[in-house]
Amino acid sequence: MAAKYELNDASVIVVVGSGAGGGTLSNELCQKGHKVVCLEAGNFLTLDDVVNDEFTMWGKLTWQDPRTGQPIWIVKAVGGSTMHWAGYSIRFNDYEFKPRTTYGALSGANLLDWPIGLKDLEPYYDKAESKMGVTGTNGLPRQPETNAFKVVNYCAKRAGYSFEMGPSAINSVVRDGRPSCQMIGFCTSGCKIGAKWSTMYTEIPRAMETGNFELRPNSMVLQIQHDAKGKVTGVLYADKDGKHQVQKARIVCVAGNSIESPRLLLNSASSLFPDGMANSSGQVGRNYMRHASQHMYATFDKPVHAHRGIHAPGIMRSEARFDPSRGFAGGYYLQIFDVGLPFTALSVVPGGWGRSVSGLVDQYDHMVAVWTCAEDLPQSAARVTLDKSMKDQYGLPVPNIAPVNDHPNDTALLKHARGTLESIFQAGNARDVVWRPPFPNSHNMGTLRMSAKPADGVCNGWGQTHDVKNLFISDGSQFTSSAACNPTLTIVALEIRQADYIHNQMSTGTI
Amino acid sequence: MITEKPTAIPQLTRRTFIKAMGATGVTVYVLWSSPAWLGPRIALAANLSTLNATQAKEMLAMARQLFPHDKLGDEYYWVVVESIDKEMAGSPELTARIHDGLAQLNQAAGGDFAGASANQQIAAMKKVESTPFFSDMLNKTQFYFYNNKAVWSKFGYEGSAWEKGGYINRGFNDVTWTDG
C-alpha cells in the first residue's frame with residue numbers, strides 16, 4: 001500500500017527521479033524500512049499506455065522541456081530511461097575504474113580514477129544482475145538467436161570475430177512476476193508486456209508494497225533548500241497542478257539524469273552556495289560524457305527482417321579492452337541495434353536526401369545495424385550550465401549542454417571500430433555498408449562526478465556530496481568515467497550499494 | 001539496389017490506401033487514378049487550405065526527389081503534401097516560408113519545377129539546399145513519408161506486433177541463409 005507523508009515530515013528521504021537510479025534507490029531504502037518520497041517530473045504511465053509505434057511513444061516518453069546546446073535524449077516519465085533502454089547489461093572492466101592510472105595523462109581529457117574499484121562493486125553487480133534478471137547470469141538462459149544476430153554473427157565468424165547473445169535485462173524465462181520476451185521488436189519504445197526490466201513495473205510497485213513509499217508523479221523539483229549550517233532541509237517543487245510545495249527531508253537524493261541533476265544543483269545556488277549547491281570544486285556540470293558512438297548499416301542480397309525481435313540482441317566484447325597498440329586508450333563494444341522503419345529512416349537520413357538515402361531505406365528488410373558503444377573521455381568544456389537567456393515553464397533557466405567535438409582519442413577509436421565492422425561485413429558479402437552519426441545521446445554520464453579528493457569532483461565513493469553530508473547523487477551523474485559499456489547496470493549496482501551506505505549512516509546517527 | 005519489384009495490383013493498392021487514408025481517401029483516389037497528375041485540380045484545391053494546385057504539384061515533385069522510391073506511387077507522396085498543408089494552415093510563418101521557397105525553387109528550375117526533368121529538379125533543389133525552406137521540407141517529408149503506416153509494408157516493416165504475440169512464433173529467427 002502506498003504511503004502518504006506530510007509536507008512538513010522532516011524524517012523522510014526525498015528521491016528526485018524514478019529511473020534506474022532513483023527507482024532502485026527508493027525501493028532499496030523502503031525495503032530497509034525507510035520512509036521515501038519520490039518526486040518524479042513525468043507521468044506515471046501504465047503498460048496500457050504503451051503502443052507499438054515509435055513516434056507515438058517518443059512523444060509520450062521524451063523529456064521535451066526546452067534546452068539549448070547539443071541535442072541529447074532523456075525520458076520524462078516514471079521509470080525514466082529504463083522505459084527506453086534496450087537492455088544491454090555489461091559490467092565495467094577493472095581498468096575502466098582507473099582511467100587516469102591506466103591511460104596516463106591524455107591531452108585535453110580531464111581523466112580521474114574512480115574512488116572505488118571493481119572489487120567494491122562486484123557484490124552489487126551480482127545483486128543488480130539478479131534483480132534485473134540479466135541473461136547469462138544467475139543461471140538464466142540467453143535469449144534465442146534472432147535474425148539480426150544470426151546475420152551479424154555469420155559475418156563476424158567469417159572475419160575471425162564472434163558475437164554473443166545478450167547479456168540483457170530482458171526476461172528469457174517467466175520470472176519476477178513478468179513474462180518472458182515475445183520478440184515484439186519495440187524494446188526502446190517501452191516494452192508492452194514488461195519483459196524488459198524497467199523500474200516502472202518492478203522497483204516502484206515493490207517499494208509501494210512496503211507501505212513506506214510515496215510516489216508523486218508530475219512533480220518537478222525546482223530547488224534544494226538548506227539551513228544556515230548548509231545542511232539540506234528539503235526541496236521546493238511544482239506539484240501536478242503547478243502549485244509550489246516544499247517537502248521537508250532528512251536526506252535528499254538527486255537522480256534526474258546527467259542533465260537535470262546538475263541543473264538542479266546549479267539552480268539551488270544561495271548566499272551560502274553562490275556557485276550552486278555542493279559546488280566548492282567548481283565541478284558541478286563538468287565532464288559531461290556520452291559514449292563515443294556511431295551506427296553502421298549493412299545490407300544483404302538475402303532478407304534479414306531485423307525488426308522481428310529484440311532491438312538489441314547481442315554484442316561483441318573482444319575490442320572492449322585496454323590495448324594502446326590500436327592507437328587509442330579505452331575500448332569499444334559492437335552492439336547489434338535495429339529499430340523500426342520510421343527511426344531507421346531517420347537515422348540513415350541525417351541531412352541527406354535523394355537516392356543515396358532512399359536506396360538504403362529500400363533495403364530495410366535486408367539490413368542490419370550495429371552500434372559502436374565506446375568509452376568517451378571527460379573534457380572540461382563538455383559541460384552542463386544554466387542558459388539564463390531562456391526560461392522553462394517553471395520560470396527556471398534552462399540547461400545548456402555545450403557542444404563538444406569528439407576527443408581525438410574518440411575519433412581514432414571510432415575509426416578503428418569502423419574498420420573492424422567493415423571487415424566483418426565484407427567477410428559476410430554485404431552489399432552496401434554505410435556508417436552514420438549516432439542518434440542524440442541517451443547515455444548521459446558525469447556532470448557530478450565521484451572523486452577521492454573534494455577538489456576534483458562533487459561526490460565521494462558513495463555518491464554523497466563532499467560539501468553536504470545529507471545530499472546524495474544517485475544516478476549516472478556520479479560516473480567518474482564512462483567506460484565502454486552501457487551505463488544502466490552500473491547505475492543500479494551503485495544505487496543498491498548507496499542504499500546500504502545511507503542505511504548504515506542513518507542507523508549510526510551520522511546523517 | 002531495389003530488391004523487390006513493385007508487385008501491387010493497382011486496384012488492390014488503391015483499396016488498401018483508401019482504407020488507410022480514411023476520410024481523405026476519395027480525394028486521393030481521384031488524384032491517383034488520374035494518369036497525368038494534372039487532371040484533378042479541383043479535387044486538389046478542395047482538399048488543401050494553403051497551397052494552390054500548382055504549388056501542391058511542385059511540393060509533390062520535391063517530396064519525390066527528396067526520397068525517391070520508384071516502387072511507390074504518387075499517392076504516398078501526396079500524404080506529405082496534405083500533412084504539410086495542414087501544418088501550414090496553423091502557421092503563417094511556415095506558409096510564407098513554403099510559398100517563398102517554392103517560388104525560389106521554380107526560379108532555380110527555370111520557371112517550371114514540376115515540369116522539369118528529374119536531373120533538372122535535383123539541380124534546382126541543390127541550389128536551395130541551404131535555405132530554411134529546404135530543411136523544413138526535408139525534415140517534414142522524412143517524417144510524414146516514412147511514418148505513414150501505409151508505406152511500411154512496402155519496405156517489409158510490419159508495424160505493431162504485440163497484439164499478434166510478437167514474433168516469437170512468427171519469424172524472429174526465420175533467416176536460414178546463415179546456417180552451416
# chains A, B, ... in the order shown; residues from 1 in each chain; ligands from 1
call {"tool": "closest_atom_pairs", "arguments": {"of": "chain B", "to": "chain A", "cutoff": "9 Å", "atoms": "only C-alpha atoms", "output": "CSV"}}
result
residue,atom,partner,partner_atom,distance
B:Met1,CA,A:Gly359,CA,6.1
B:Ile2,CA,A:Asp362,CA,5.9
B:Thr3,CA,A:Gln363,CA,6.8
B:Glu4,CA,A:Asp362,CA,8.5
B:Arg64,CA,A:Gly354,CA,8.7
B:Gln65,CA,A:Gly354,CA,6.0
B:Leu66,CA,A:Gly354,CA,4.9
B:Phe67,CA,A:Ser358,CA,5.2
B:Pro68,CA,A:Ser358,CA,6.0
B:His69,CA,A:Ser358,CA,6.4
B:Ile122,CA,A:Gly354,CA,8.4
B:Ser135,CA,A:Gly351,CA,8.2
B:Leu138,CA,A:Trp353,CA,7.6
B:Asn139,CA,A:Gly351,CA,8.7
B:Gln142,CA,A:Leu346,CA,7.2
B:Phe143,CA,A:Pro342,CA,7.6
B:Tyr146,CA,A:Pro342,CA,5.5
B:Asn147,CA,A:Pro342,CA,5.4
B:Asn148,CA,A:Pro342,CA,8.6
B:Trp152,CA,A:Leu341,CA,7.0
B:Lys154,CA,A:Asp362,CA,8.6
B:Phe155,CA,A:Tyr364,CA,6.1
B:Gly156,CA,A:Asp365,CA,5.4
B:Tyr157,CA,A:Leu341,CA,6.3
B:Glu158,CA,A:His307,CA,8.2
B:Gly159,CA,A:Asn52,CA,7.1
B:Ser160,CA,A:Asn52,CA,4.7
B:Ala161,CA,A:Ile184,CA,5.6
B:Trp162,CA,A:Ile184,CA,5.6
B:Lys164,CA,A:Ile184,CA,8.8
B:Gly165,CA,A:Gln182,CA,6.5
B:Gly166,CA,A:Ile184,CA,3.8
B:Tyr167,CA,A:Met183,CA,5.1
B:Ile168,CA,A:Gln182,CA,5.0
B:Asn169,CA,A:Gln182,CA,8.4
B:Arg170,CA,A:Arg308,CA,8.4
B:Gly171,CA,A:Arg308,CA,7.0
B:Phe172,CA,A:Arg308,CA,4.7
B:Asn173,CA,A:Asn147,CA,4.7
B:Asp174,CA,A:Asn147,CA,6.6
B:Val175,CA,A:Asn147,CA,5.6
B:Thr176,CA,A:Lys150,CA,8.7
B:Trp177,CA,A:Lys302,CA,7.6
B:Thr178,CA,A:Tyr154,CA,5.9
B:Asp179,CA,A:Tyr154,CA,8.1
call {"tool": "residues_around", "arguments": {"residues": "Leu448 of chain A", "least_positions_apart": "2", "cutoff": "9 Å", "atoms": "only C-alpha atoms", "output": "VMD selection string"}}
result
chain A and resid 258 261 to 262 283 to 288 445 to 446 450 457 to 459 465 473 476 to 480
call {"tool": "atom_distance", "arguments": {"atom1": "atom CA of Phe328 of chain A", "atom2": "atom CA of Trp371 of chain A"}}
result
18.7 Å
call {"tool": "residues_around", "arguments": {"residues": "Gln143 of chain A", "least_positions_apart": "5", "cutoff": "10 Å", "atoms": "only C-alpha atoms", "output": "list of chain:residue names"}}
result
A:Thr135, A:Gly136, A:Met165, A:Gly166, A:Pro167, A:Ser168, A:Ile170, A:Asn171, A:Ser172, A:Val173, A:Ser180, A:Cys181, A:Met183, A:Ile310, A:Pro313, A:Gly314
call {"tool": "residues_around", "arguments": {"residues": "Pro487 of chain A", "least_positions_apart": "5", "cutoff": "10 Å", "atoms": "only C-alpha atoms", "output": "PyMOL selection string"}}
result
chain A and resi 20+88-92+290-291+443-445+475-476+479+482+492
call {"tool": "select_by_dssp", "arguments": {"residues": "segment 89-158 of chain B", "states": "helix (DSSP H, G or I)", "output": "number ranges by chain"}}
result
B: 89, 92-108, 118-127, 132-146, 149-155
call {"tool": "decode", "arguments": {"residues": "segment 79-93 of chain B", "atoms": "N, CA and C atoms", "output": "JSON list (two decimals), in the first residue's frame"}}
result
[["chain", "number", "residue", "atom", "x", "y", "z"],
["B", 79, "VAL", "N", 0.44, 12.23, -49.35],
["B", 79, "VAL", "CA", 0.24, 12.30, -47.89],
["B", 79, "VAL", "C", 1.13, 13.40, -47.29],
["B", 80, "VAL", "N", 2.35, 13.50, -47.81],
["B", 80, "VAL", "CA", 3.28, 14.52, -47.33],
["B", 80, "VAL", "C", 2.73, 15.92, -47.62],
["B", 81, "VAL", "N", 2.25, 16.11, -48.86],
["B", 81, "VAL", "CA", 1.73, 17.42, -49.26],
["B", 81, "VAL", "C", 0.56, 17.81, -48.36],
["B", 82, "GLU", "N", -0.33, 16.88, -48.18],
["B", 82, "GLU", "CA", -1.52, 17.16, -47.39],
["B", 82, "GLU", "C", -1.15, 17.48, -45.93],
["B", 83, "SER", "N", -0.19, 16.74, -45.40],
["B", 83, "SER", "CA", 0.19, 16.95, -44.00],
["B", 83, "SER", "C", 0.90, 18.28, -43.81],
["B", 84, "ILE", "N", 1.77, 18.63, -44.75],
["B", 84, "ILE", "CA", 2.46, 19.92, -44.63],
["B", 84, "ILE", "C", 1.46, 21.06, -44.79],
["B", 85, "ASP", "N", 0.53, 20.89, -45.71],
["B", 85, "ASP", "CA", -0.51, 21.91, -45.90],
["B", 85, "ASP", "C", -1.28, 22.14, -44.60],
["B", 86, "LYS", "N", -1.57, 21.06, -43.93],
["B", 86, "LYS", "CA", -2.30, 21.15, -42.66],
["B", 86, "LYS", "C", -1.49, 21.93, -41.62],
["B", 87, "GLU", "N", -0.20, 21.63, -41.58],
["B", 87, "GLU", "CA", 0.69, 22.36, -40.65],
["B", 87, "GLU", "C", 0.74, 23.84, -41.00],
["B", 88, "MET", "N", 0.82, 24.10, -42.31],
["B", 88, "MET", "CA", 0.90, 25.49, -42.78],
["B", 88, "MET", "C", -0.34, 26.27, -42.36],
["B", 89, "ALA", "N", -1.47, 25.61, -42.37],
["B", 89, "ALA", "CA", -2.73, 26.28, -42.02],
["B", 89, "ALA", "C", -2.67, 26.87, -40.61],
["B", 90, "GLY", "N", -1.82, 26.28, -39.75],
["B", 90, "GLY", "CA", -1.73, 26.77, -38.38],
["B", 90, "GLY", "C", -0.55, 27.72, -38.17],
["B", 91, "SER", "N", 0.20, 28.01, -39.22],
["B", 91, "SER", "CA", 1.39, 28.84, -39.04],
["B", 91, "SER", "C", 1.61, 29.74, -40.25],
["B", 92, "PRO", "N", 1.29, 31.03, -40.09],
["B", 92, "PRO", "CA", 1.53, 31.97, -41.19],
["B", 92, "PRO", "C", 3.01, 32.05, -41.57],
["B", 93, "GLU", "N", 3.91, 31.90, -40.57],
["B", 93, "GLU", "CA", 5.35, 31.95, -40.86],
["B", 93, "GLU", "C", 5.73, 30.80, -41.79]]
